[in-house]
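K.L.:
You'll find coords_10.cif just under this line, and it carries mmCIF, C-alpha atoms.
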```cif
data_upload
loop_
_atom_site.label_atom_id
_atom_site.label_comp_id
_atom_site.auth_asym_id
_atom_site.auth_seq_id
_atom_site.Cartn_x
_atom_site.Cartn_y
_atom_site.Cartn_z
CA MET A 1 -10.94 7.88 19.44
CA ARG A 2 -13.46 7.62 22.24
CA SER A 3 -14.37 10.61 24.41
CA GLU A 4 -13.52 11.23 28.04
CA GLN A 5 -17.13 10.49 28.97
CA GLU A 6 -16.92 7.10 27.27
CA ALA A 7 -13.63 6.38 29.05
CA CYS A 8 -15.16 7.28 32.43
CA ARG A 9 -18.17 5.09 31.78
CA ALA A 10 -15.97 2.14 30.75
CA ILE A 11 -13.75 2.53 33.81
CA GLU A 12 -16.75 2.64 36.12
CA ARG A 13 -18.34 -0.34 34.41
CA TYR A 14 -15.33 -2.63 33.89
CA ALA A 15 -12.68 -1.60 36.41
CA ASP A 16 -13.69 -4.33 38.84
CA THR A 17 -13.70 -6.98 36.11
CA VAL A 18 -10.23 -5.93 35.00
CA ARG A 19 -9.08 -5.85 38.60
CA ARG A 20 -10.30 -9.43 39.22
CA LEU A 21 -8.68 -10.74 36.08
CA CYS A 22 -5.44 -9.04 37.08
CA MET A 23 -5.60 -10.65 40.47
CA ILE A 24 -6.06 -14.07 38.89
CA HIS A 25 -3.04 -13.59 36.65
CA LEU A 26 -0.74 -11.17 38.37
CA LYS A 27 -1.45 -10.82 42.06
CA ASN A 28 0.67 -7.70 42.05
CA GLU A 29 -0.55 -4.13 42.43
CA ALA A 30 2.09 -2.49 40.27
CA ASP A 31 1.48 -4.82 37.35
CA THR A 32 -2.25 -4.43 37.84
CA GLU A 33 -1.88 -0.71 37.39
CA ASP A 34 0.07 -1.29 34.15
CA ILE A 35 -2.69 -3.53 32.87
CA PHE A 36 -5.34 -0.99 33.80
CA GLN A 37 -3.59 1.66 31.77
CA THR A 38 -2.95 -0.65 28.83
CA VAL A 39 -6.50 -1.99 28.66
CA PHE A 40 -8.31 1.31 28.99
CA LEU A 41 -5.94 3.08 26.61
CA LYS A 42 -6.67 0.36 24.06
CA TYR A 43 -10.34 0.89 24.69
CA VAL A 44 -10.09 4.64 24.16
CA LEU A 45 -8.05 4.26 20.98
CA SER A 46 -10.03 1.32 19.61
CA THR A 47 -12.33 1.96 16.68
CA THR A 48 -14.32 -1.21 17.37
CA ARG A 49 -18.06 -0.60 17.32
CA PHE A 50 -19.68 -2.72 19.97
CA GLN A 51 -23.02 -4.23 19.10
CA SER A 52 -24.09 -4.55 22.73
CA GLU A 53 -22.85 -4.22 26.28
CA GLU A 54 -22.18 -7.95 26.31
CA HIS A 55 -20.01 -7.57 23.23
CA GLU A 56 -18.14 -4.72 24.88
CA LYS A 57 -17.64 -6.69 28.09
CA ALA A 58 -16.35 -9.75 26.23
CA TRP A 59 -13.91 -7.47 24.34
CA MET A 60 -12.72 -5.98 27.62
CA ILE A 61 -12.17 -9.43 29.17
CA ARG A 62 -10.30 -10.72 26.14
CA VAL A 63 -8.05 -7.64 25.97
CA THR A 64 -7.33 -7.83 29.70
CA ILE A 65 -6.40 -11.52 29.60
CA ASN A 66 -4.15 -10.95 26.58
CA ALA A 67 -2.53 -7.93 28.23
CA CYS A 68 -1.82 -9.99 31.36
CA LYS A 69 -0.28 -12.77 29.30
CA ASP A 70 1.81 -10.28 27.34
CA LEU A 71 3.05 -8.71 30.54
CA LEU A 72 4.01 -12.06 31.98
CA LYS A 73 5.85 -12.96 28.78
CA SER A 74 7.63 -9.64 28.53
CA VAL A 75 11.39 -10.01 28.73
CA PHE A 76 11.55 -6.44 30.03
CA ARG A 77 9.38 -7.27 33.00
CA SER A 78 11.60 -6.87 36.01
CA ARG A 79 9.10 -6.83 38.81
CA THR A 80 8.83 -9.94 40.88
CA VAL A 81 5.44 -11.44 41.46
CA SER A 82 4.32 -11.99 45.00
CA LEU A 83 2.58 -15.34 45.00
CA GLU A 84 0.55 -14.68 48.10
CA GLU A 85 -0.30 -11.04 47.62
CA LEU A 86 -4.06 -11.01 47.90
CA PRO A 87 -6.00 -7.76 47.84
CA GLU A 88 -6.36 -6.11 51.21
CA ALA A 89 -10.12 -6.39 51.16
CA VAL A 90 -9.86 -10.16 50.79
CA VAL A 91 -7.18 -10.51 53.41
CA SER A 92 -9.30 -8.63 55.90
CA GLY A 93 -12.46 -10.44 54.83
CA SER A 94 -13.83 -13.76 55.92
CA ASN A 95 -11.65 -16.83 56.14
CA GLU A 96 -13.94 -18.59 53.70
CA SER A 97 -13.43 -15.97 50.99
CA ARG A 98 -9.71 -16.02 51.56
CA GLU A 99 -9.62 -19.81 51.26
CA VAL A 100 -11.66 -19.79 48.08
CA LEU A 101 -9.47 -17.23 46.41
CA GLU A 102 -6.32 -18.98 47.52
CA ALA A 103 -7.72 -22.19 46.08
CA VAL A 104 -8.40 -20.48 42.75
CA LEU A 105 -4.99 -18.88 42.68
CA SER A 106 -3.35 -22.18 43.45
CA LEU A 107 -4.84 -23.68 40.29
CA PRO A 108 -2.56 -24.04 37.28
CA LYS A 109 -2.87 -20.91 35.14
CA LYS A 110 -4.67 -22.68 32.32
CA TYR A 111 -7.68 -23.30 34.59
CA ARG A 112 -8.04 -19.88 36.19
CA ASP A 113 -9.66 -18.00 33.32
CA VAL A 114 -12.29 -20.64 32.69
CA VAL A 115 -13.10 -20.86 36.38
CA TYR A 116 -13.49 -17.10 36.64
CA LEU A 117 -15.51 -16.77 33.44
CA HIS A 118 -17.76 -19.69 34.26
CA TYR A 119 -18.32 -19.34 38.01
CA TYR A 120 -18.15 -15.61 38.41
CA GLU A 121 -19.18 -14.11 35.09
CA GLY A 122 -21.58 -16.94 34.29
CA TYR A 123 -20.46 -17.50 30.71
CA PRO A 124 -21.34 -20.86 29.12
CA ALA A 125 -18.54 -22.97 27.66
CA PRO A 126 -19.08 -21.96 23.99
CA GLN A 127 -18.81 -18.27 24.83
CA ILE A 128 -15.76 -18.89 27.01
CA GLY A 129 -14.26 -20.63 24.00
CA GLU A 130 -14.90 -17.55 21.87
CA ILE A 131 -13.37 -15.20 24.41
CA LEU A 132 -10.29 -17.33 25.02
CA GLY A 133 -9.90 -18.58 21.47
CA LYS A 134 -10.29 -22.20 22.51
CA LYS A 135 -12.52 -24.98 21.26
CA THR A 136 -15.69 -25.55 23.28
CA ASN A 137 -14.67 -29.13 24.06
CA THR A 138 -11.37 -27.89 25.39
CA VAL A 139 -13.24 -25.46 27.66
CA TYR A 140 -15.43 -28.30 28.95
CA THR A 141 -12.36 -30.38 29.69
CA LEU A 142 -10.66 -27.50 31.50
CA LEU A 143 -13.79 -26.79 33.53
CA THR A 144 -14.22 -30.41 34.55
CA ARG A 145 -10.62 -30.69 35.64
CA ALA A 146 -10.75 -27.33 37.46
CA LYS A 147 -13.87 -28.38 39.36
CA GLN A 148 -12.15 -31.56 40.51
CA LEU A 149 -9.14 -29.63 41.71
CA LEU A 150 -11.24 -27.05 43.53
CA ARG A 151 -13.34 -29.77 45.13
CA GLU A 152 -10.19 -31.43 46.33
CA LYS A 153 -9.00 -28.19 47.86
CA LEU A 154 -12.29 -26.86 49.23
CA GLY A 155 -14.43 -29.95 49.57
CA GLY A 156 -18.24 -29.58 49.16
CA GLU A 157 -20.63 -30.28 46.33
CA GLU A 158 -19.93 -29.69 42.70
CA ASP A 159 -22.31 -27.27 41.01
CA ALA A 160 -22.61 -26.69 37.32
CA MET B 1 -18.86 -23.42 44.98
CA ARG B 2 -20.29 -20.82 42.64
CA GLU B 3 -21.69 -18.76 45.52
CA GLN B 4 -18.49 -19.04 47.50
CA LEU B 5 -16.50 -17.88 44.55
CA LYS B 6 -18.82 -15.00 43.77
CA GLU B 7 -18.74 -13.87 47.35
CA ALA B 8 -14.97 -13.99 47.46
CA LEU B 9 -14.43 -12.26 44.13
CA ASP B 10 -17.02 -9.59 44.87
CA GLN B 11 -14.62 -8.33 47.48
CA VAL B 12 -11.97 -7.75 44.80
CA GLN B 13 -12.64 -4.30 43.46
CA ALA B 14 -10.69 -1.55 41.80
CA SER B 15 -9.97 1.28 44.18
CA GLN B 16 -11.21 4.75 43.41
CA GLU B 17 -7.58 5.94 43.36
CA MET B 18 -6.70 3.40 40.72
CA LYS B 19 -9.63 4.51 38.58
CA GLU B 20 -8.61 8.14 38.93
CA ARG B 21 -4.97 7.39 38.13
CA THR B 22 -6.06 5.45 35.04
CA LEU B 23 -8.24 8.31 33.87
CA ALA B 24 -5.39 10.77 34.43
CA TYR B 25 -3.08 8.47 32.47
CA LEU B 26 -5.55 8.33 29.56
CA ASP B 27 -5.90 12.09 29.62
CA ARG B 28 -2.10 12.45 29.48
CA ARG B 29 -1.59 9.88 26.73
CA THR B 30 -4.36 11.24 24.54
CA HIS B 31 -3.50 14.91 25.11
CA GLY B 32 -6.84 15.52 26.76
CA PHE B 33 -8.71 13.02 24.58
CA ARG B 34 -7.82 15.06 21.52
CA ARG B 35 -5.65 12.59 19.68
CA ALA B 36 -8.15 12.45 16.85
CA ALA B 37 -6.99 15.81 15.56
CA PRO B 38 -3.28 14.94 15.20
CA ARG B 39 -4.30 11.66 13.62
CA ALA B 40 -6.51 13.49 11.14
CA ALA B 41 -3.68 15.91 10.50
CA GLY B 42 -1.42 12.94 9.88
CA TRP B 43 -3.79 11.59 7.30
CA VAL B 44 -4.00 14.97 5.63
CA LEU B 45 -0.22 15.20 5.58
CA ALA B 46 0.08 11.66 4.21
CA ALA B 47 -2.53 12.42 1.54
CA ALA B 48 -0.70 15.64 0.65
CA CYS B 49 2.60 13.72 0.34
CA CYS B 50 0.90 11.15 -1.89
CA LEU B 51 -0.54 13.92 -4.03
CA VAL B 52 2.85 15.59 -4.38
CA LEU B 53 4.44 12.25 -5.27
CA MET B 54 1.71 11.59 -7.81
CA LEU B 55 2.12 15.05 -9.30
CA VAL B 56 5.90 14.75 -9.45
CA GLY B 57 5.68 11.19 -10.75
CA GLY B 58 2.99 12.17 -13.24
CA THR B 59 4.97 15.17 -14.38
CA LEU B 60 8.09 13.06 -14.81
CA TYR B 61 6.15 10.36 -16.60
CA PHE B 62 4.30 12.66 -18.97
CA THR B 63 7.27 14.87 -19.84
CA PRO B 64 8.73 13.82 -23.20
CA THR B 65 12.48 13.50 -23.31
CA ALA B 66 12.80 12.13 -26.83
CA ALA B 67 10.72 11.87 -29.98
CA ILE B 68 10.72 9.48 -32.89
CA SER B 69 9.50 10.53 -36.32
CA VAL B 70 8.51 7.65 -38.57
CA ASP B 71 7.94 8.80 -42.14
CA VAL B 72 6.87 7.10 -45.29
CA ASN B 73 3.81 9.13 -45.98
CA PRO B 74 1.99 8.50 -43.70
CA SER B 75 4.03 10.21 -41.01
CA LEU B 76 3.88 9.59 -37.30
CA GLU B 77 5.63 11.08 -34.30
CA LEU B 78 6.03 9.23 -31.03
CA GLU B 79 6.95 11.12 -27.88
CA VAL B 80 8.97 9.06 -25.42
CA ASN B 81 9.48 9.80 -21.72
CA ARG B 82 12.56 9.27 -19.55
CA PHE B 83 11.31 5.80 -18.74
CA ASP B 84 11.43 4.88 -22.46
CA ARG B 85 7.65 4.71 -22.68
CA VAL B 86 5.61 6.16 -25.52
CA ILE B 87 3.43 8.89 -24.02
CA SER B 88 1.89 10.32 -27.17
CA VAL B 89 1.36 9.37 -30.79
CA LYS B 90 0.61 12.01 -33.39
CA GLY B 91 -0.30 11.28 -36.98
CA TYR B 92 0.25 13.87 -39.72
CA GLN B 93 -2.29 14.39 -42.44
CA GLU B 94 -5.23 12.07 -42.76
CA ASP B 95 -3.27 8.94 -43.59
CA GLY B 96 -0.92 9.55 -40.66
CA GLN B 97 -3.84 10.00 -38.32
CA ALA B 98 -5.43 6.84 -39.67
CA LEU B 99 -2.23 4.92 -38.99
CA ALA B 100 -2.01 6.39 -35.48
CA ASP B 101 -5.57 5.30 -34.84
CA SER B 102 -5.03 1.80 -36.17
CA VAL B 103 -2.15 0.81 -33.89
CA ASP B 104 -2.26 1.16 -30.13
CA LEU B 105 1.20 2.31 -29.07
CA GLY B 106 0.35 4.21 -25.89
CA HIS B 107 2.60 3.49 -22.90
CA LEU B 108 4.50 0.76 -24.70
CA SER B 109 8.27 0.82 -24.57
CA TYR B 110 9.63 2.41 -27.73
CA THR B 111 11.05 -1.00 -28.69
CA GLU B 112 7.61 -2.59 -28.55
CA ALA B 113 6.03 0.44 -30.20
CA LEU B 114 8.43 0.30 -33.16
CA GLU B 115 7.89 -3.44 -33.51
CA ARG B 116 4.13 -3.01 -33.52
CA LEU B 117 4.33 -0.10 -35.93
CA MET B 118 6.62 -1.91 -38.36
CA ALA B 119 4.31 -4.91 -38.28
CA SER B 120 1.26 -2.81 -39.09
CA GLU B 121 -0.47 -3.45 -42.38
CA THR B 122 0.10 0.11 -43.61
CA ILE B 123 3.87 0.03 -43.09
CA VAL B 124 4.23 -3.52 -44.39
CA ASN B 125 2.34 -2.57 -47.57
CA CYS B 126 4.37 0.62 -48.04
CA LEU B 127 7.65 -1.24 -47.76
CA ALA B 128 6.35 -3.95 -50.11
CA ASN B 129 5.65 -1.17 -52.63
CA GLU B 130 9.27 -0.01 -52.43
CA GLU B 131 8.44 3.12 -50.49
CA LEU B 132 11.21 4.63 -48.40
CA LEU B 133 10.81 4.78 -44.63
CA SER B 134 12.87 7.00 -42.39
CA ILE B 135 13.15 6.90 -38.63
CA THR B 136 14.39 10.16 -37.16
CA VAL B 137 15.13 10.65 -33.48
CA VAL B 138 15.60 13.74 -31.31
CA GLY B 139 16.32 13.80 -27.61
CA ASP B 140 19.17 13.79 -25.14
CA GLU B 141 22.23 12.01 -26.37
CA THR B 142 22.01 8.88 -24.24
CA GLN B 143 18.38 8.17 -24.99
CA ARG B 144 18.71 9.19 -28.64
CA THR B 145 21.64 6.82 -29.10
CA ALA B 146 19.70 3.97 -27.54
CA ILE B 147 16.63 4.60 -29.68
CA LEU B 148 18.73 4.90 -32.81
CA ALA B 149 20.40 1.59 -32.01
CA GLU B 150 16.94 0.04 -31.99
CA ALA B 151 16.01 1.86 -35.22
CA GLU B 152 19.16 0.60 -36.89
CA ARG B 153 18.08 -2.91 -36.15
CA TRP B 154 15.13 -2.29 -38.42
CA ALA B 155 17.21 -0.43 -40.98
CA ALA B 156 19.65 -3.34 -41.11
CA GLY B 157 16.84 -5.63 -42.09
CA SER B 158 15.49 -3.59 -44.99
CA GLU B 159 17.11 -1.68 -47.79
CA ASN B 160 14.26 0.83 -47.82
CA ILE B 161 14.62 1.91 -44.22
CA CYS B 162 17.02 4.50 -42.93
CA CYS B 163 17.48 6.14 -39.60
CA GLY B 164 19.21 9.19 -38.22
CA ALA B 165 19.27 11.84 -35.54
CA GLY B 166 17.11 14.90 -36.04
CA ASN B 167 17.78 18.53 -35.29
CA PRO B 168 15.83 19.48 -32.19
CA GLU B 169 15.80 23.15 -33.20
CA GLU B 170 13.78 22.34 -36.29
CA VAL B 171 11.08 20.38 -34.48
CA GLY B 172 9.10 23.53 -33.67
CA HIS B 173 9.30 24.79 -37.25
CA ALA B 174 8.23 21.37 -38.51
CA HIS B 175 5.14 21.38 -36.36
CA GLU B 176 4.26 24.93 -37.38
CA ALA B 177 4.40 23.72 -40.96
CA GLY B 178 2.19 20.77 -40.11
CA LEU B 179 4.92 18.25 -40.84
CA SER B 180 6.63 15.64 -38.75
CA PHE B 181 10.18 16.66 -37.97
CA GLY B 182 11.56 13.71 -39.94
CA LYS B 183 9.75 14.78 -43.06
CA TYR B 184 10.52 18.44 -42.45
CA GLN B 185 14.23 17.74 -42.56
CA ALA B 186 13.81 15.93 -45.85
CA PHE B 187 11.82 18.92 -47.09
CA LEU B 188 14.59 21.34 -46.06
CA GLU B 189 17.10 19.26 -47.98
CA LEU B 190 14.93 19.36 -51.07
CA GLN B 191 14.10 23.07 -50.69
CA ALA B 192 17.79 23.87 -50.53
CA LEU B 193 18.08 22.36 -54.00
CA ASP B 194 14.75 23.61 -55.31
CA PRO B 195 13.47 26.76 -53.56
CA SER B 196 10.13 26.49 -55.34
CA VAL B 197 9.14 23.48 -53.28
CA THR B 198 6.74 24.48 -50.52
CA GLU B 199 5.83 22.84 -47.23
CA GLU B 200 2.41 22.05 -48.66
CA ASP B 201 4.07 20.24 -51.54
CA ALA B 202 6.16 18.23 -49.12
CA ALA B 203 3.11 17.35 -47.04
CA GLY B 204 1.59 15.56 -50.01
CA MET B 205 4.78 13.78 -51.10
CA THR B 206 6.03 10.42 -49.97
CA MET B 207 9.54 10.06 -48.68
CA ARG B 208 10.30 8.14 -51.87
CA GLN B 209 9.16 11.10 -53.99
CA ILE B 210 11.20 13.56 -51.94
CA GLN B 211 14.27 11.37 -52.20
CA ASP B 212 13.79 10.89 -55.93
CA ARG B 213 13.59 14.69 -56.39
CA ILE B 214 16.74 15.17 -54.34
CA ASP B 215 18.53 12.52 -56.36
CA ALA B 216 17.38 14.11 -59.60
CA LEU B 217 18.53 17.57 -58.53
CA THR B 218 21.92 16.41 -57.31
CA GLY B 219 22.48 14.14 -60.25
CA GLY B 220 22.52 11.14 -58.03
CA SER B 221 20.79 8.01 -59.06
CA ALA B 222 17.39 7.60 -57.60
CA GLY B 223 17.02 4.33 -55.96
CA GLN B 224 17.25 2.43 -52.81
CA TRP B 225 19.10 3.17 -49.68
CA THR B 226 21.69 0.70 -48.81
CA SER B 227 20.60 -1.76 -46.26
CA GLY B 228 21.22 -0.41 -42.80
CA ASP B 229 22.03 3.03 -44.08
CA THR B 230 21.59 6.05 -41.94
CA CYS B 231 19.59 9.01 -43.14
CA GLY B 232 21.48 12.15 -43.81
CA ASN B 233 24.99 10.81 -43.87
CA GLY B 234 25.42 13.26 -46.74
CA THR B 235 28.02 11.24 -48.53
CA GLY B 236 28.15 9.11 -51.60
CA GLY B 237 27.40 11.64 -54.30
CA GLY B 238 24.32 13.01 -52.66
CA HIS B 239 22.80 9.63 -52.10
CA HIS B 240 19.97 9.87 -49.64
CA GLY B 241 21.61 12.77 -47.93
CA TYR B 242 18.99 15.01 -46.39
CA GLY B 243 21.54 17.23 -44.72
CA TRP B 244 19.72 16.77 -41.43
CA GLY B 245 20.94 18.51 -38.35
CA GLY B 246 22.17 16.19 -35.63
CA ARG B 247 23.88 13.47 -37.49
CA HIS B 248 23.83 9.98 -36.19
CA GLU B 249 27.33 8.71 -35.90
#
```
Transcribe the structure of this file into structure tokens.
P.N.:
Amino acid sequence: MRSEQEACRAIERYADTVRRLCMIHLKNEADTEDIFQTVFLKYVLSTTRFQSEEHEKAWMIRVTINACKDLLKSVFRSRTVSLEELPEAVVSGSNESREVLEAVLSLPKKYRDVVYLHYYEGYPAPQIGEILGKKTNTVYTLLTRAKQLLREKLGGEEDA
Amino acid sequence: MREQLKEALDQVQASQEMKERTLAYLDRRTHGFRRAAPRAAGWVLAAACCLVLMLVGGTLYFTPTAAISVDVNPSLELEVNRFDRVISVKGYQEDGQALADSVDLGHLSYTEALERLMASETIVNCLANEELLSITVVGDETQRTAILAEAERWAAGSENICCGAGNPEEVGHAHEAGLSFGKYQAFLELQALDPSVTEEDAAGMTMRQIQDRIDALTGGSAGQWTSGDTCGNGTGGGHHGYGWGGRHE
């Protein structure tokens, strides 16, 4: 089991990443808190030895996405999901940021992870495939389709 | 689009309260990050349980509950556990030890062990030379009956083989005398008729020789046991009646 110091370091380092992934999937503060607890408890109890910070980060992303999916699938989940519940910071931020996030959240779920991992985290398609357990070609297809949808919603130039 | 998205998502951050609540939750769930100790204790407990099970299982497995004495001269004793497995083989005198060394009977079922023993060159040659072979069994009634039923199968197939139940009380005396308990009972029968016969004499005699002496002393005709006969039935004019303890019905 990992120490308290390791847990603190992981929370400081990955809390924002987990929070963003939760927003993409859940958009609900209560569920986000559940995911936080699940993910970091798994981290503390995990015996996985990470070869690098990148390895650790990829593990954290994969566990968070899986935890979100599990929560959404759970038959015991009784909380309703507010479709438009954006974080307060975003709501009070610029209109542009709000529009962008709303555009991302309006994407079908299958596109959201690849968009986040590619545009925000900067992962290339093969690594996204490893994290999500998908073939690289599938990731390319999802990215291409997601870009088209986002361009339709936001306009502007496509960037790789 | 990338910059727009980064800018928007940068604003999504975990609050300090959420981080603190998560840390408090981890502290609670791991009993102050000390779950390693109970887990280690669990492993120790599991290992201890395994050890106890192994000891109990080993004790049960290696505790003999029946014994089979196979005597021609050579003589062998097989100890059998409650699972009907042979857990030890002891040969008496040099020829018995040589026979024990020549056939691997360890951990076989007594059925397989008897089959292998009866098929051994030594036993086959002895029976071909008209030697007498006795199979004597001691043990609790259920297991003894089952083993004797198997022994009778062999006795039924040869006129020079007999089988019977032994007297458990004499097993210790037999071993002190350096004899298998099957042979010891034959010796006691002979000694009752001829007190000059010693244990050392018996050790060097074949079962055929002992039986011939008994027949001579009782006036019975020396010869062969009837096919499928049981040792020590004590009837028939002293025919092959060792007067053994626990009779096989």
K.L.:
Please measure the separation of CA of Glu152 in chain B and CA of Leu190 in chain B, giving the value in Å to one decimal.
P.N.:
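Those two atoms sit 23.9 Å apart.
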K.L.:
Evaluate the PyMOL selection byres ((chain A) within 6 of (chain B)) and record the selected residues as number ranges by chain, following the chain and residue labels used in the document.
P.N.:
A: 1, 15-16, 19, 37, 97, 119-120
K.L.:
Just the selected residues (C-alpha atoms), exported as a PDB file, in the frame of the given file, please.
P.N.:
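Output contents, as saved in selection08.pdb:
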```
ATOM      1  CA  MET A   1     -10.940   7.880  19.440  1.00  0.00           C
ATOM      2  CA  ALA A  15     -12.680  -1.600  36.410  1.00  0.00           C
ATOM      3  CA  ASP A  16     -13.690  -4.330  38.840  1.00  0.00           C
ATOM      4  CA  ARG A  19      -9.080  -5.850  38.600  1.00  0.00           C
ATOM      5  CA  GLN A  37      -3.590   1.660  31.770  1.00  0.00           C
ATOM      6  CA  SER A  97     -13.430 -15.970  50.990  1.00  0.00           C
ATOM      7  CA  TYR A 119     -18.320 -19.340  38.010  1.00  0.00           C
ATOM      8  CA  TYR A 120     -18.150 -15.610  38.410  1.00  0.00           C
TER       9      TYR A 120
END
```
K.L.:
What is the distance, in Å and to one decimal place, between CA of Gln185 in chain B and CA of Thr65 in chain B?
P.N.:
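So the two atoms, CA of Gln185 in chain B and CA of Thr65 in chain B, lie 19.8 Å apart.
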K.L.:
Show me the residues around (10.4, 13.3, -22.3) - criterion: an atom at most 7 Å away, all atoms listed in the file counted - as a count of residues only.
P.N.:
9
K.L.:
Applying 9 Å and only C-alpha atoms, which residues near Arg116 in chain B remain after dropping the ones on its own chain fewer than 5 positions away? List them as number ranges by chain.
P.N.:
B: 103-105, 111
K.L.:
With the PyMOL selection byres ((chain B and resi 100) around 12) as the selection, what would be picked from this file? Answer as an MDAnalysis selection string, please.
P.N.:
chainID B and resid 70 74:78 88:99 101:106 113 116:117 120 122:123
K.L.:
Just give me the gap between CA of Gln211 in chain B and CA of Leu132 in chain B in Å, one decimal is fine.
P.N.:
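Computed distance, CA of Gln211 in chain B to CA of Leu132 in chain B, equals 8.3 Å.
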K.L.:
If you count all atoms listed in the file, which residues fall within 10 Å of range 136-146 of chain B, apart from same-chain ones fewer than 3 positions away, as a PyMOL selection string?
P.N.:
chain B and resi 64-71+77-84+133+149-152+162-169+171+180-183+185+230-232+244+246+248-249
K.L.:
From the options A:Ile35, A:Leu143, A:Leu45, A:Val115, which residue's atoms come nearest to Asp70 in chain A, counting only C-alpha atoms?
P.N.:
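That would be A:Ile35, the residue with the smallest distance to Asp70 in chain A.
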K.L.:
Selection in question (the file shown): the PyMOL selection byres ((chain A and resi 130) around 12). Which residues does it include, as a PyMOL selection string?
P.N.:
chain A and resi 55+58-59+61-62+114+117+123-129+131-139
K.L.:
Restricting the calculation to only C-alpha atoms, which member of B:Ser158, B:Thr206, B:Thr218, B:Thr198 is positioned closest to Met118 in chain B?
P.N.:
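Selected residue with least distance to Met118 in chain B: B:Ser158.
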